[in-house]
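Colleague: First the structure, then my questions, so here it is.
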Amino acid sequence: MTELRGKKVPLLKKWTGQIPYLVRTAKLIWVSTREWSIFWAAILIVLAVLPVATVVWMKALVDSLVNGLRAGTSWTTMQPAVVYGSLILTTSLITELAHSTLEWIRAMQAELIQDYISARVHQKSVEVDLAFYESPDYYDSLYRARDDANTRPALLLEHLGAVIQNTITVVLLTLLIVRYSPWMMLAMAFSVVPAFFVVAHYNWLQHRWWRDTTVERRWIQYYDQKFTTAAAAPEIRLFHLGPFFQAAFEALRTNLRSQRLQLIRKQSLSRMIAALAGMGVVGITLGWMGWRTFRGSATLGDLTLFYQAIVGGQSLMRSITASLTQVYGNSLFLGEFFAFLDLKPKIVSPKQPLPGPSVLREGIGFRNVTFCYPGSERTALQNFDLVVPAGKIVAIVGPNGAGKSTLIKLLCRFYDPQTGSITFDGRDIRHFSIDDLRSSLSVLFQVPVSYDAPVSDNIAIGDVTSPSSPEAIEAAARSAGAHEMISCLPNGYSTLLGKSFANGTDLSGGEWQRIAMARAFLREAPVILLDEPTSFMDSWAELEWFDHLRVLSKGRTTLMITHRFTIAMRADWIQVMKDGRIIESGTHEMLIRQDGFYAQSWRDQMEASQRAVPVGV
């Protein structure tokens with residue numbers, strides 16, 4: 001649960017704490033819908049004035065009808081009534097036209113705001129450190145930022161417009177009836193204050209409930225996704241997990257539903273009490289004006305104007321209070337969106353970066369590096385030292401959990417080590433800009449990413465800085481050993497991959513790995529980083545692939561993590577890792593002669609291969 005649960009919030013802070021978010025929201029709306037906001041404001045002013053004009057003309061119409069009836073019905077006596085009636089009809093037509101136009105403008109603003117917010121969330125998601133993605137707090141913050149964030153500003157704009165429009169109307173109506181009794185208008189104003197505080201208070205409680213239940217609502221989303229995604233579908237059926245997940249889902253939903261309905265029930269009761277108080281004030285004021293009309297102190301037109309102004313004004317003031325509380329409530333939710341945008345990455349480029357390396361002349365160095373993942377007490381690397389000579393292929397081997405994949409994450413500057421330095425040609429990689437550093441790397445990660453896109457696009461995104469020619473894409477595919485497989489697809493390099501969309505073709509794990517490898521090879525970077533590049537390949541394919549790698553890596557520096565000793569033995573140099581440090585180094589022959597950890601692991605792997613019986617034998 002979040003830090004707000006169970007805490008008391010001072011009343012003043014509760015009401016004033018949202019002002020900065022309202023200001024930021026106003027700026028957001030202005031930046032994303034500047035021209036449309038001007039039209040929006042102009043139409044609001046027109047809509048605010050028209051009801052007052054209708055009230056004035058209705059009074060004149062009633063008085064002209066009364067005078068005409070007293071003087072006898074003729075065109076001369078009834079002409080003023082016809083004029084005022086026509087004005088009222090014209091006002092109604094203009095009002096309808098203005099409402100339709102305003103609705104269209106608000107729809108345009110909502111679309112632009114939604115696009116702007118989505119762009120900001122996507123941008124921030126890319127900017128934050130990789131460490132954020134390993135923190136539950138980040139996912140809570142992201143969930144709250146995205147939950148209704150696209151619609152909240154548009155709703156706030158709608159209610160803010162209602163506040164502006166209705167406030168102008170109420171002020172003008174006040175000027176009309178203040179001559180009758182100033183204190184009556186004050187009484188009407190105070191009659192809606194309780195309703196405002198009731199709704200605003202429960203909006204605050206609603207937001208606190210929404211924030212406090214973030215984890216539960218994320219679990220609900222998790223269970224829902226398990227029912228609707230292809231990845232979990234086989235096991236859900238095989239292990240009969242449907243009832244298990246459904247029970248967990250329903251238990252969470254029942255609890256949240258009960259809490260929310262209880263909150264709404266209390267809110268409804270409080271609002272009903274506040275509304276009854278307001279109705280009492282309206283009854284008293286209308287009774288007072290009716291008594292004045294009966295005594296002859298006011299005309300029938302005055303009573304009509306007063307009735308419309310008081311009833312309409314009180315209705316508008318209720319609308320203002322409701323809209324203000326909606327503005328307040330939406331600002332509470334938008335606070336989460338702005339809190340997400342305020343997240344700051346720790347991995348940043350230096351103010352005066354060194355030029356990025358175009359080619360390595362000395363190599364890569366890890367010097368006394370100690371690193372522990374955020375939130376973990378286990379040290380991944382401890383006083384770690386490693387040298388990868390320029391222009392060589394260096395294989396890193398070792399058991400799971402030795403820290404091998406961590407090396408690639410640190411080289412990409414997804415993280416910075418707690419102590420020590422990582423260098424390219426003796427220069428700390430923290431002295432390069434992040435973009436220049438990562439542009440100098442061609443990387444294949446341990447788990448390849450599959451994109452629902454044509455084969456050519458899946459490969460081309462390996463280097464989006466410049467358009468890739470079909471020849472370059474094919475050359476990368478050949479280097480990865482993927483060309484023959486691609487040629488067998490229904491539409492070759494134009495085949496849509498993935499099964500999420502119509503006419504898509506799915507690939508096996510090994511085939512996806514080759515596509516990802518081609519993507520990495522397309523980028524002509526001075527450093528190649530490969531994490532388990534042949535894990536999905538058979539022994540025949542991996543030898544052919546390494547021959548391609550040898551040609552491709554000429555003049556480039558390659559660091560390759562692998563469990564396959566049959567691949568590691570072909571590298572220029574082998575580094576053996578265990579428990580976050582290098583324990584052995586050398587060529588395959590040197591390590592075998594040392595008869596240490598590598599040699600024993602080699603023999604174990606070879607014996608296991610000899611014991612394996614081919615399928616069908």
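Ordered as shown in the structure tokens, chains take letters A, B, and onward, while each chain numbers its residues from 1 and ligands are numbered from 1 in the order shown.
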Can you tell me, as an NGL selection string, what residues are no more than 9 Å from range 525-537 of chain A when counting only C-alpha atoms, ignoring any on the same chain fewer than 2 positions away?

Modeller: :A and (357-360 or 390-391 or 404-405 or 408 or 411 or 439-447 or 509-511 or 513-514 or 517 or 520-523 or 539-542 or 545 or 553 or 555-564 or 567)

Colleague: With only C-alpha atoms as the counted atoms, please give the residues lying no more than 12 Å from Ile113 in chain A, apart from itself and same-chain residues fewer than 3 positions off, as number ranges by chain.

Modeller: A: 25-34, 36-37, 106-110, 116-120, 149-157

Colleague: Quick one, how far is CA of Leu65 in chain A from CA of Gln79 in chain A?

Modeller: 9.6 Å

Colleague: Tell me, as a JSON list (two decimals) with N, CA, C and O atoms, in the first residue's frame, which residues lie within 8 Å of range 463-473 of chain A, counting only C-alpha atoms; anything in the same chain fewer than 3 positions away does not count.

Modeller:
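Result went into selection.json, see below:
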```
[["chain", "number", "residue", "atom", "x", "y", "z"],
["A", 456, "SER", "N", 11.78, -7.19, -42.85],
["A", 456, "SER", "CA", 12.74, -6.12, -43.17],
["A", 456, "SER", "C", 12.75, -5.04, -42.10],
["A", 456, "SER", "O", 13.81, -4.52, -41.73],
["A", 459, "ILE", "N", 14.55, -6.09, -38.90],
["A", 459, "ILE", "CA", 16.00, -5.98, -39.00],
["A", 459, "ILE", "C", 16.43, -4.52, -39.06],
["A", 459, "ILE", "O", 17.41, -4.11, -38.43],
["A", 460, "ALA", "N", 15.69, -3.71, -39.81],
["A", 460, "ALA", "CA", 16.08, -2.31, -40.04],
["A", 460, "ALA", "C", 16.10, -1.48, -38.77],
["A", 460, "ALA", "O", 16.86, -0.51, -38.67],
["A", 476, "ALA", "N", 22.94, -8.32, -43.53],
["A", 476, "ALA", "CA", 22.88, -8.57, -42.09],
["A", 476, "ALA", "C", 22.21, -9.90, -41.80],
["A", 476, "ALA", "O", 22.62, -10.64, -40.90],
["A", 477, "ALA", "N", 21.15, -10.22, -42.56],
["A", 477, "ALA", "CA", 20.46, -11.50, -42.37],
["A", 477, "ALA", "C", 21.39, -12.66, -42.72],
["A", 477, "ALA", "O", 21.39, -13.69, -42.02],
["A", 518, "ALA", "N", 20.49, -10.48, -36.71],
["A", 518, "ALA", "CA", 20.62, -9.67, -37.93],
["A", 518, "ALA", "C", 20.43, -8.19, -37.61],
["A", 518, "ALA", "O", 21.11, -7.32, -38.17],
["A", 519, "ARG", "N", 19.50, -7.92, -36.72],
["A", 519, "ARG", "CA", 19.26, -6.54, -36.29],
["A", 519, "ARG", "C", 20.51, -5.94, -35.66],
["A", 519, "ARG", "O", 20.88, -4.79, -35.93],
["A", 522, "LEU", "N", 23.27, -5.33, -38.32],
["A", 522, "LEU", "CA", 23.03, -4.25, -39.27],
["A", 522, "LEU", "C", 23.78, -2.99, -38.85],
["A", 522, "LEU", "O", 24.24, -2.23, -39.71],
["A", 523, "ARG", "N", 23.89, -2.78, -37.56],
["A", 523, "ARG", "CA", 24.57, -1.59, -37.06],
["A", 523, "ARG", "C", 26.08, -1.81, -37.15],
["A", 523, "ARG", "O", 26.62, -2.71, -36.51]]
```

Colleague: Please provide the set of residues having any atom within 10 Å of Trp512 in chain A, restricted to only C-alpha atoms, with same-chain residues fewer than 3 positions apart removed, written as a PDB file with N, CA, C and O atoms, in the first residue's frame.

Modeller:
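In the end it all went to out_5.pdb:
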```pdb
ATOM      1  N   VAL A 447      17.540 -12.472 -24.193  1.00  0.00           N
ATOM      2  CA  VAL A 447      16.159 -12.760 -24.604  1.00  0.00           C
ATOM      3  C   VAL A 447      15.825 -11.826 -25.759  1.00  0.00           C
ATOM      4  O   VAL A 447      15.592 -10.637 -25.552  1.00  0.00           O
ATOM      5  N   PRO A 448      15.811 -12.315 -26.993  1.00  0.00           N
ATOM      6  CA  PRO A 448      15.556 -11.428 -28.139  1.00  0.00           C
ATOM      7  C   PRO A 448      14.128 -10.897 -28.121  1.00  0.00           C
ATOM      8  O   PRO A 448      13.190 -11.586 -27.719  1.00  0.00           O
ATOM      9  N   VAL A 449      13.971  -9.657 -28.556  1.00  0.00           N
ATOM     10  CA  VAL A 449      12.659  -9.027 -28.606  1.00  0.00           C
ATOM     11  C   VAL A 449      12.032  -9.310 -29.966  1.00  0.00           C
ATOM     12  O   VAL A 449      12.683  -9.190 -31.000  1.00  0.00           O
ATOM     13  N   SER A 450      10.774  -9.699 -29.951  1.00  0.00           N
ATOM     14  CA  SER A 450      10.044  -9.942 -31.197  1.00  0.00           C
ATOM     15  C   SER A 450       9.099  -8.774 -31.443  1.00  0.00           C
ATOM     16  O   SER A 450       8.320  -8.399 -30.566  1.00  0.00           O
ATOM     17  N   TYR A 451       9.180  -8.197 -32.621  1.00  0.00           N
ATOM     18  CA  TYR A 451       8.331  -7.064 -32.988  1.00  0.00           C
ATOM     19  C   TYR A 451       7.315  -7.508 -34.049  1.00  0.00           C
ATOM     20  O   TYR A 451       7.676  -8.196 -35.005  1.00  0.00           O
ATOM     21  N   ASN A 458      11.863  -5.496 -38.923  1.00  0.00           N
ATOM     22  CA  ASN A 458      12.429  -6.101 -37.727  1.00  0.00           C
ATOM     23  C   ASN A 458      13.950  -5.996 -37.727  1.00  0.00           C
ATOM     24  O   ASN A 458      14.567  -5.848 -36.674  1.00  0.00           O
ATOM     25  N   ALA A 482      20.246 -16.052 -41.218  1.00  0.00           N
ATOM     26  CA  ALA A 482      18.781 -15.993 -41.262  1.00  0.00           C
ATOM     27  C   ALA A 482      18.232 -15.905 -42.672  1.00  0.00           C
ATOM     28  O   ALA A 482      17.013 -15.999 -42.861  1.00  0.00           O
ATOM     29  N   LEU A 497       5.635 -10.497 -39.237  1.00  0.00           N
ATOM     30  CA  LEU A 497       5.948 -11.436 -38.164  1.00  0.00           C
ATOM     31  C   LEU A 497       5.047 -11.185 -36.960  1.00  0.00           C
ATOM     32  O   LEU A 497       4.613 -10.064 -36.706  1.00  0.00           O
ATOM     33  N   ASP A 506       4.335 -16.503 -37.181  1.00  0.00           N
ATOM     34  CA  ASP A 506       5.165 -16.611 -35.986  1.00  0.00           C
ATOM     35  C   ASP A 506       6.411 -17.429 -36.306  1.00  0.00           C
ATOM     36  O   ASP A 506       6.454 -18.214 -37.260  1.00  0.00           O
ATOM     37  N   LEU A 507       7.447 -17.237 -35.492  1.00  0.00           N
ATOM     38  CA  LEU A 507       8.713 -17.930 -35.678  1.00  0.00           C
ATOM     39  C   LEU A 507       9.044 -18.729 -34.431  1.00  0.00           C
ATOM     40  O   LEU A 507       8.505 -18.478 -33.344  1.00  0.00           O
ATOM     41  N   SER A 508       9.938 -19.666 -34.581  1.00  0.00           N
ATOM     42  CA  SER A 508      10.435 -20.408 -33.425  1.00  0.00           C
ATOM     43  C   SER A 508      11.427 -19.539 -32.657  1.00  0.00           C
ATOM     44  O   SER A 508      11.854 -18.479 -33.136  1.00  0.00           O
ATOM     45  N   GLY A 509      11.798 -19.996 -31.467  1.00  0.00           N
ATOM     46  CA  GLY A 509      12.747 -19.227 -30.661  1.00  0.00           C
ATOM     47  C   GLY A 509      14.061 -19.010 -31.381  1.00  0.00           C
ATOM     48  O   GLY A 509      14.638 -17.909 -31.349  1.00  0.00           O
ATOM     49  N   ILE A 515      16.760 -13.357 -36.273  1.00  0.00           N
ATOM     50  CA  ILE A 515      16.280 -12.036 -36.676  1.00  0.00           C
ATOM     51  C   ILE A 515      16.897 -10.958 -35.779  1.00  0.00           C
ATOM     52  O   ILE A 515      17.359  -9.913 -36.261  1.00  0.00           O
ATOM     53  N   ALA A 516      16.906 -11.200 -34.473  1.00  0.00           N
ATOM     54  CA  ALA A 516      17.493 -10.240 -33.537  1.00  0.00           C
ATOM     55  C   ALA A 516      18.989 -10.076 -33.784  1.00  0.00           C
ATOM     56  O   ALA A 516      19.543  -8.977 -33.656  1.00  0.00           O
ATOM     57  N   MET A 517      19.649 -11.172 -34.147  1.00  0.00           N
ATOM     58  CA  MET A 517      21.076 -11.113 -34.437  1.00  0.00           C
ATOM     59  C   MET A 517      21.333 -10.289 -35.698  1.00  0.00           C
ATOM     60  O   MET A 517      22.266  -9.478 -35.751  1.00  0.00           O
ATOM     61  N   ALA A 518      20.493 -10.476 -36.715  1.00  0.00           N
ATOM     62  CA  ALA A 518      20.621  -9.667 -37.930  1.00  0.00           C
ATOM     63  C   ALA A 518      20.425  -8.188 -37.611  1.00  0.00           C
ATOM     64  O   ALA A 518      21.108  -7.316 -38.170  1.00  0.00           O
ATOM     65  N   PHE A 536      19.706 -21.015 -29.136  1.00  0.00           N
ATOM     66  CA  PHE A 536      18.608 -21.712 -29.808  1.00  0.00           C
ATOM     67  C   PHE A 536      19.066 -22.446 -31.079  1.00  0.00           C
ATOM     68  O   PHE A 536      18.244 -22.960 -31.822  1.00  0.00           O
TER      69      PHE A 536
END
```

Colleague: Please identify all polymer residues within 12 Å of range 375-382 of chain A, counting only C-alpha atoms, omitting same-chain residues fewer than 6 positions from it, and present them as a VMD selection string.

Modeller: chain A and resid 131 to 137 366 to 369 400 to 407 409 to 410 416 to 420 577 to 582

Colleague: Could you save the residues just selected, with N, CA, C and O atoms, as a short mmCIF file (atom, residue, chain, number, x, y, z; two decimals), in the first residue's frame?

Modeller:
```cif
data_model
loop_
_atom_site.label_atom_id
_atom_site.label_comp_id
_atom_site.auth_asym_id
_atom_site.auth_seq_id
_atom_site.Cartn_x
_atom_site.Cartn_y
_atom_site.Cartn_z
N ALA A 131 16.86 0.77 -14.07
CA ALA A 131 16.61 0.37 -12.69
C ALA A 131 15.16 0.61 -12.29
O ALA A 131 14.61 -0.11 -11.44
N PHE A 132 14.50 1.60 -12.90
CA PHE A 132 13.10 1.87 -12.58
C PHE A 132 12.23 0.66 -12.91
O PHE A 132 11.24 0.40 -12.22
N TYR A 133 12.60 -0.05 -13.98
CA TYR A 133 11.78 -1.17 -14.42
C TYR A 133 11.93 -2.39 -13.50
O TYR A 133 11.23 -3.37 -13.68
N GLU A 134 12.83 -2.31 -12.56
CA GLU A 134 13.01 -3.39 -11.60
C GLU A 134 12.45 -3.01 -10.23
O GLU A 134 12.69 -3.69 -9.24
N SER A 135 11.69 -1.91 -10.20
CA SER A 135 11.14 -1.42 -8.94
C SER A 135 9.61 -1.47 -8.98
O SER A 135 9.00 -0.90 -9.89
N PRO A 136 8.97 -2.13 -8.02
CA PRO A 136 7.50 -2.12 -7.97
C PRO A 136 6.93 -0.72 -7.84
O PRO A 136 5.85 -0.43 -8.36
N ASP A 137 7.66 0.18 -7.15
CA ASP A 137 7.18 1.55 -7.00
C ASP A 137 7.05 2.24 -8.35
O ASP A 137 6.14 3.04 -8.57
N PHE A 366 37.61 -3.26 -17.60
CA PHE A 366 36.89 -3.17 -16.32
C PHE A 366 37.95 -3.09 -15.23
O PHE A 366 38.80 -4.00 -15.13
N ARG A 367 37.94 -2.04 -14.44
CA ARG A 367 38.98 -1.84 -13.45
C ARG A 367 38.37 -1.72 -12.05
O ARG A 367 37.68 -0.75 -11.73
N ASN A 368 38.59 -2.73 -11.25
CA ASN A 368 38.16 -2.74 -9.85
C ASN A 368 36.67 -2.39 -9.72
O ASN A 368 36.27 -1.60 -8.87
N VAL A 369 35.84 -3.00 -10.57
CA VAL A 369 34.40 -2.69 -10.62
C VAL A 369 33.65 -3.50 -9.58
O VAL A 369 33.77 -4.72 -9.52
N ASN A 400 25.46 -20.10 -14.40
CA ASN A 400 24.40 -19.10 -14.22
C ASN A 400 24.62 -18.34 -12.92
O ASN A 400 24.99 -18.91 -11.90
N GLY A 401 24.34 -17.03 -12.97
CA GLY A 401 24.50 -16.20 -11.78
C GLY A 401 25.91 -15.73 -11.54
O GLY A 401 26.18 -15.10 -10.51
N ALA A 402 26.83 -16.00 -12.48
CA ALA A 402 28.22 -15.59 -12.29
C ALA A 402 28.40 -14.09 -12.53
O ALA A 402 29.43 -13.53 -12.16
N GLY A 403 27.43 -13.44 -13.19
CA GLY A 403 27.54 -12.00 -13.47
C GLY A 403 27.86 -11.68 -14.91
O GLY A 403 28.21 -10.54 -15.23
N LYS A 404 27.74 -12.68 -15.79
CA LYS A 404 28.15 -12.48 -17.19
C LYS A 404 27.27 -11.44 -17.89
O LYS A 404 27.78 -10.51 -18.52
N SER A 405 25.95 -11.58 -17.80
CA SER A 405 25.05 -10.64 -18.48
C SER A 405 25.15 -9.24 -17.89
O SER A 405 24.87 -8.24 -18.58
N THR A 406 25.56 -9.16 -16.64
CA THR A 406 25.73 -7.85 -16.00
C THR A 406 26.77 -7.02 -16.74
O THR A 406 26.67 -5.79 -16.81
N LEU A 407 27.79 -7.68 -17.29
CA LEU A 407 28.83 -6.96 -18.02
C LEU A 407 28.23 -6.18 -19.18
O LEU A 407 28.60 -5.02 -19.42
N LYS A 409 25.10 -5.12 -19.54
CA LYS A 409 24.26 -4.03 -19.02
C LYS A 409 25.10 -2.85 -18.58
O LYS A 409 24.72 -1.69 -18.77
N LEU A 410 26.27 -3.12 -17.99
CA LEU A 410 27.14 -2.03 -17.57
C LEU A 410 27.80 -1.36 -18.76
O LEU A 410 27.97 -0.13 -18.79
N ASP A 416 25.33 2.18 -13.63
CA ASP A 416 26.72 2.56 -13.34
C ASP A 416 27.19 1.76 -12.14
O ASP A 416 26.41 1.53 -11.19
N PRO A 417 28.45 1.33 -12.13
CA PRO A 417 28.95 0.57 -10.99
C PRO A 417 29.07 1.47 -9.75
O PRO A 417 29.22 2.70 -9.87
N GLN A 418 29.00 0.84 -8.58
CA GLN A 418 29.15 1.60 -7.34
C GLN A 418 30.60 2.10 -7.18
O GLN A 418 30.84 3.21 -6.72
N THR A 419 31.57 1.27 -7.57
CA THR A 419 32.97 1.66 -7.54
C THR A 419 33.65 1.14 -8.79
O THR A 419 33.15 0.24 -9.46
N GLY A 420 34.82 1.70 -9.09
CA GLY A 420 35.58 1.26 -10.24
C GLY A 420 35.17 1.99 -11.51
O GLY A 420 34.34 2.92 -11.49
N MET A 577 34.25 -16.92 -15.70
CA MET A 577 33.70 -16.18 -14.56
C MET A 577 33.03 -17.12 -13.58
O MET A 577 32.42 -18.13 -13.96
N LYS A 578 33.15 -16.76 -12.30
CA LYS A 578 32.45 -17.48 -11.25
C LYS A 578 32.32 -16.56 -10.05
O LYS A 578 33.29 -15.91 -9.65
N ASP A 579 31.08 -16.46 -9.52
CA ASP A 579 30.83 -15.64 -8.34
C ASP A 579 31.29 -14.19 -8.53
O ASP A 579 31.89 -13.57 -7.64
N GLY A 580 31.03 -13.63 -9.72
CA GLY A 580 31.31 -12.23 -9.95
C GLY A 580 32.75 -11.86 -10.16
O GLY A 580 33.11 -10.68 -10.02
N ARG A 581 33.59 -12.80 -10.52
CA ARG A 581 34.99 -12.48 -10.78
C ARG A 581 35.56 -13.44 -11.81
O ARG A 581 35.00 -14.50 -12.08
N ILE A 582 36.71 -13.04 -12.41
CA ILE A 582 37.41 -13.88 -13.37
C ILE A 582 38.31 -14.84 -12.60
O ILE A 582 39.14 -14.42 -11.78
#
```

Colleague: Pull the helix (DSSP H, G or I) assignments for range 367-561 of chain A out of DSSP run on the backbone, and list those residues as a ChimeraX atom specification.

Modeller: /A:404-411,429-431,434-439,455-460,470-479,483-487,492-494,509-522,539-552

Colleague: Between A:Leu241, A:Ile220, A:Val171, A:Ala162, single out the one closest to His99 in chain A, counting only C-alpha atoms.

Modeller: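 When distances to His99 in chain A are compared using only C-alpha atoms, the smallest one comes from A:Ala162.
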
Colleague: Counting only C-alpha atoms, figure out which residue out of A:Val52, A:Thr95, A:Ala60, A:Asp452 gets nearest to Leu173 in chain A.

Modeller: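 So, comparing all the options, the nearest one is A:Val52.
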
Colleague: Could you tell me how far CA of Ser500 in chain A sits from CA of Arg253 in chain A, in Å to one decimal place?

Modeller: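 We find that CA of Arg253 in chain A and CA of Ser500 in chain A lie 28.6 Å from each other.
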
Colleague: Leaving out Ile264 in chain A and any residue of its chain fewer than 4 positions from it, which residues lie within 9 Å of it when counting only C-alpha atoms, given as a ChimeraX atom specification?

Modeller: /A:202,206,259-260,268-269
